[in-house]
Amino acid sequence: HNFCGLNINHICREMQFIRCLRPNLTKYCCHIILDFASANTVSDQSIKAMAFDYLQLNGFSMNQYIVFRLLDSQYLNVRILVNRITFEGKVVPDGNDYYRSEAVLSHLRNTDDFIR
């Protein structure tokens with residue numbers, strides 16, 4: 001994450017602060033779910049690196065984000081919450097986000113660093 005802390009109230013305040021840069025944007029937050037076949041052998045560091053690469057390749061390089069792992073499943077379930085509004089006030093488009101995400105995941109699968 002790149003928030004000042006993990007207190008939910010602080011995160012909400014920080015997101016609202018950035019949202020002030022684009023007050024008319026209604027869909028300013030993006031919730032991404034990544035599911036993987038195995039949860040047992042993946043380190044937290046690998047998840048962080050993969051999530052960071054995923055965000056960068058999807059255009060979220062200057063955005064607020066938090067990544068967390070759900071531990072209640074036999075499968076790896078990674079959640080990413082990201083603000084579509086950048087620190088500079090630009091907006092990461094959400095058109096064709098499914099196809100863009102699939103292309104990024106396909107690219108990541110073909111790298112040596114991807115979680116297998």
# chains A, B, ... in the order shown; residues from 1 in each chain; ligands from 1
$ closest_atom_pairs --of "region 29-75 of chain A" --to "region 94-103 of chain A" --cutoff "12 Å" --atoms "only C-alpha atoms" --output "Markdown table"
| residue | atom | partner | partner_atom | distance |
| --- | --- | --- | --- | --- |
| A:Cys29 | CA | A:Asp94 | CA | 10.2 |
| A:Cys30 | CA | A:Asp94 | CA | 8.6 |
| A:His31 | CA | A:Asp94 | CA | 11.4 |
| A:Ile32 | CA | A:Ser101 | CA | 9.5 |
| A:Ile33 | CA | A:Ser101 | CA | 10.7 |
| A:Leu34 | CA | A:Ser101 | CA | 10.1 |
| A:Ala51 | CA | A:Ser101 | CA | 11.9 |
| A:Asp53 | CA | A:Ser101 | CA | 11.7 |
| A:Tyr54 | CA | A:Ser101 | CA | 8.2 |
| A:Leu55 | CA | A:Ser101 | CA | 9.5 |
| A:Gln56 | CA | A:Ser101 | CA | 11.3 |
| A:Leu57 | CA | A:Ser101 | CA | 8.8 |
| A:Asn58 | CA | A:Ser101 | CA | 6.9 |
| A:Gly59 | CA | A:Arg100 | CA | 10.1 |
| A:Phe60 | CA | A:Asp94 | CA | 11.2 |
$ write_last_selection --atoms "all heavy atoms" --output "CSV table (one decimal), in the first residue's frame"
chain,number,residue,atom,x,y,z
A,29,CYS,N,-12.9,4.7,-7.7
A,29,CYS,CA,-12.2,3.7,-7.1
A,29,CYS,C,-12.4,2.4,-7.9
A,29,CYS,O,-13.5,2.1,-8.4
A,29,CYS,CB,-12.8,3.5,-5.7
A,29,CYS,SG,-11.9,2.4,-4.6
A,30,CYS,N,-11.4,1.6,-8.0
A,30,CYS,CA,-11.4,0.3,-8.7
A,30,CYS,C,-11.1,-0.8,-7.8
A,30,CYS,O,-10.1,-0.7,-7.0
A,30,CYS,CB,-10.4,0.4,-9.9
A,30,CYS,SG,-10.4,-1.0,-10.9
A,31,HIS,N,-11.9,-1.9,-7.8
A,31,HIS,CA,-11.6,-3.0,-7.0
A,31,HIS,C,-11.3,-4.2,-7.9
A,31,HIS,O,-12.1,-4.6,-8.7
A,31,HIS,CB,-12.9,-3.4,-6.1
A,31,HIS,CG,-12.7,-4.5,-5.3
A,31,HIS,ND1,-13.8,-5.4,-5.0
A,31,HIS,CD2,-11.7,-5.0,-4.6
A,31,HIS,CE1,-13.4,-6.4,-4.2
A,31,HIS,NE2,-12.1,-6.1,-3.9
A,32,ILE,N,-10.1,-4.7,-7.7
A,32,ILE,CA,-9.6,-5.8,-8.6
A,32,ILE,C,-9.4,-7.1,-7.8
A,32,ILE,O,-8.9,-7.0,-6.7
A,32,ILE,CB,-8.3,-5.4,-9.2
A,32,ILE,CG1,-8.4,-4.1,-10.0
A,32,ILE,CG2,-7.7,-6.5,-10.1
A,32,ILE,CD1,-7.2,-3.4,-10.3
A,33,ILE,N,-9.9,-8.2,-8.4
A,33,ILE,CA,-9.8,-9.5,-7.7
A,33,ILE,C,-8.9,-10.4,-8.6
A,33,ILE,O,-9.2,-10.6,-9.8
A,33,ILE,CB,-11.1,-10.1,-7.4
A,33,ILE,CG1,-12.0,-9.2,-6.6
A,33,ILE,CG2,-10.9,-11.5,-6.8
A,33,ILE,CD1,-13.4,-9.7,-6.5
A,34,LEU,N,-7.9,-10.9,-8.1
A,34,LEU,CA,-7.0,-11.9,-8.8
A,34,LEU,C,-7.0,-13.2,-8.1
A,34,LEU,O,-6.7,-13.3,-6.9
A,34,LEU,CB,-5.6,-11.3,-8.9
A,34,LEU,CG,-5.4,-10.0,-9.5
A,34,LEU,CD1,-3.9,-9.6,-9.4
A,34,LEU,CD2,-5.8,-10.0,-11.0
A,51,ALA,N,1.4,-7.8,-7.8
A,51,ALA,CA,0.4,-6.8,-7.8
A,51,ALA,C,1.0,-5.5,-8.2
A,51,ALA,O,0.3,-4.7,-9.0
A,51,ALA,CB,-0.2,-6.7,-6.4
A,53,ASP,N,3.5,-5.0,-10.3
A,53,ASP,CA,3.6,-5.1,-11.8
A,53,ASP,C,2.3,-4.9,-12.5
A,53,ASP,O,2.2,-4.3,-13.5
A,53,ASP,CB,4.3,-6.4,-12.2
A,53,ASP,CG,5.8,-6.4,-11.8
A,53,ASP,OD1,6.4,-5.4,-11.5
A,53,ASP,OD2,6.4,-7.5,-11.8
A,54,TYR,N,1.3,-5.6,-11.9
A,54,TYR,CA,0.0,-5.6,-12.5
A,54,TYR,C,-0.6,-4.1,-12.6
A,54,TYR,O,-1.1,-3.7,-13.6
A,54,TYR,CB,-1.0,-6.5,-11.7
A,54,TYR,CG,-2.4,-6.4,-12.2
A,54,TYR,CD1,-2.9,-7.2,-13.2
A,54,TYR,CD2,-3.3,-5.5,-11.6
A,54,TYR,CE1,-4.2,-7.2,-13.6
A,54,TYR,CE2,-4.6,-5.4,-12.1
A,54,TYR,CZ,-5.0,-6.3,-13.1
A,54,TYR,OH,-6.3,-6.2,-13.5
A,55,LEU,N,-0.4,-3.4,-11.4
A,55,LEU,CA,-0.9,-2.0,-11.4
A,55,LEU,C,-0.1,-1.1,-12.4
A,55,LEU,O,-0.7,-0.3,-13.1
A,55,LEU,CB,-0.7,-1.5,-10.0
A,55,LEU,CG,-1.7,-2.0,-8.9
A,55,LEU,CD1,-1.3,-1.6,-7.5
A,55,LEU,CD2,-3.1,-1.5,-9.3
A,56,GLN,N,1.2,-1.3,-12.4
A,56,GLN,CA,2.0,-0.5,-13.3
A,56,GLN,C,1.6,-0.7,-14.8
A,56,GLN,O,1.5,0.3,-15.5
A,56,GLN,CB,3.5,-0.8,-13.2
A,56,GLN,CG,4.1,-0.5,-11.8
A,56,GLN,CD,4.1,0.9,-11.5
A,56,GLN,OE1,4.6,1.8,-12.2
A,56,GLN,NE2,3.5,1.3,-10.3
A,57,LEU,N,1.4,-1.9,-15.2
A,57,LEU,CA,1.1,-2.3,-16.6
A,57,LEU,C,-0.3,-1.9,-16.9
A,57,LEU,O,-0.6,-1.7,-18.1
A,57,LEU,CB,1.3,-3.8,-16.8
A,57,LEU,CG,2.8,-4.2,-16.8
A,57,LEU,CD1,2.9,-5.7,-16.8
A,57,LEU,CD2,3.5,-3.6,-18.0
A,58,ASN,N,-1.2,-1.7,-15.9
A,58,ASN,CA,-2.5,-1.2,-16.2
A,58,ASN,C,-2.6,0.3,-16.1
A,58,ASN,O,-3.7,0.9,-16.2
A,58,ASN,CB,-3.5,-1.9,-15.2
A,58,ASN,CG,-4.1,-3.1,-15.8
A,58,ASN,OD1,-4.8,-3.1,-16.8
A,58,ASN,ND2,-3.8,-4.2,-15.1
A,59,GLY,N,-1.5,1.0,-15.9
A,59,GLY,CA,-1.5,2.5,-15.9
A,59,GLY,C,-1.7,3.1,-14.6
A,59,GLY,O,-1.9,4.3,-14.5
A,60,PHE,N,-1.7,2.3,-13.5
A,60,PHE,CA,-1.8,2.8,-12.1
A,60,PHE,C,-0.4,3.1,-11.5
A,60,PHE,O,-0.1,2.5,-10.5
A,60,PHE,CB,-2.6,1.9,-11.3
A,60,PHE,CG,-4.0,1.7,-11.7
A,60,PHE,CD1,-4.4,0.5,-12.3
A,60,PHE,CD2,-5.0,2.7,-11.5
A,60,PHE,CE1,-5.7,0.3,-12.7
A,60,PHE,CE2,-6.3,2.5,-11.9
A,60,PHE,CZ,-6.7,1.3,-12.5
$ closest_residue --among "A:Cys4, A:Gln64, A:Pro93, A:Gln16" --to "Ile80 (chain A)" --atoms "only C-alpha atoms"
A:Gln64
$ residues_around --residues "Val91 (chain A)" --least-positions-apart "4" --cutoff "9 Å" --atoms "only C-alpha atoms" --output "list in words"
Arg22, Leu25, Tyr28, Asn83, Arg84, Ile85 and Thr86 of chain A
$ atom_distance --atom1 "CA of Leu70 (chain A)" --atom2 "CA of Ser106 (chain A)"
22.6 Å
$ residues_around --residues "Val67 (chain A)" --least-positions-apart "3" --cutoff "8 Å" --atoms "only C-alpha atoms" --output "VMD selection string"
chain A and resid 1 48 51 78 to 81
$ write_last_selection --atoms "N, CA, C and O atoms" --output "CSV table (one decimal), in the first residue's frame"
chain,number,residue,atom,x,y,z
A,1,HIS,N,0.8,-1.2,0.0
A,1,HIS,CA,0.0,0.0,0.0
A,1,HIS,C,0.9,1.2,0.0
A,1,HIS,O,2.1,1.2,0.3
A,48,LYS,N,3.2,-9.2,-3.5
A,48,LYS,CA,3.4,-7.7,-3.6
A,48,LYS,C,4.1,-7.3,-5.0
A,48,LYS,O,3.6,-6.4,-5.6
A,51,ALA,N,1.4,-7.8,-7.8
A,51,ALA,CA,0.4,-6.8,-7.8
A,51,ALA,C,1.0,-5.5,-8.2
A,51,ALA,O,0.3,-4.7,-9.0
A,78,VAL,N,-6.2,-12.5,-4.2
A,78,VAL,CA,-5.6,-11.2,-4.0
A,78,VAL,C,-6.6,-10.1,-4.4
A,78,VAL,O,-7.2,-10.2,-5.4
A,79,ARG,N,-6.7,-9.2,-3.5
A,79,ARG,CA,-7.6,-8.0,-3.8
A,79,ARG,C,-6.8,-6.8,-3.8
A,79,ARG,O,-5.8,-6.6,-3.1
A,80,ILE,N,-7.1,-5.9,-4.8
A,80,ILE,CA,-6.4,-4.7,-5.0
A,80,ILE,C,-7.5,-3.6,-5.0
A,80,ILE,O,-8.5,-3.7,-5.8
A,81,LEU,N,-7.3,-2.6,-4.2
A,81,LEU,CA,-8.2,-1.4,-4.2
A,81,LEU,C,-7.3,-0.3,-4.7
A,81,LEU,O,-6.3,0.0,-4.1
$ select_by_dssp --residues "region 41-76 of chain A" --states "strand (DSSP E or B)" --output "PDB file with C-alpha atoms, in the first residue's frame"
ATOM      1  CA  ASN A  63      -2.238   6.167  -7.786  1.00  0.00           C
ATOM      2  CA  GLN A  64      -3.231   5.283  -4.251  1.00  0.00           C
ATOM      3  CA  TYR A  65      -3.548   1.532  -3.774  1.00  0.00           C
ATOM      4  CA  ILE A  66      -3.726  -1.234  -1.231  1.00  0.00           C
ATOM      5  CA  VAL A  67      -3.160  -4.944  -1.858  1.00  0.00           C
ATOM      6  CA  PHE A  68      -4.345  -7.662   0.468  1.00  0.00           C
ATOM      7  CA  ARG A  69      -4.504 -11.419   0.500  1.00  0.00           C
ATOM      8  CA  LEU A  70      -7.490 -13.420   1.681  1.00  0.00           C
ATOM      9  CA  LEU A  76      -4.881 -17.603  -3.464  1.00  0.00           C
TER      10      LEU A  76
END
$ closest_residue --among "A:Phe36, A:Phe52, A:Ser61, A:Glu88" --to "Gln74 (chain A)" --atoms "only C-alpha atoms"
A:Phe36
$ atom_distance --atom1 "CA of Phe87 (chain A)" --atom2 "CA of Met15 (chain A)"
10.3 Å
$ atom_distance --atom1 "CA of Asn110 (chain A)" --atom2 "CA of Val42 (chain A)"
17.3 Å
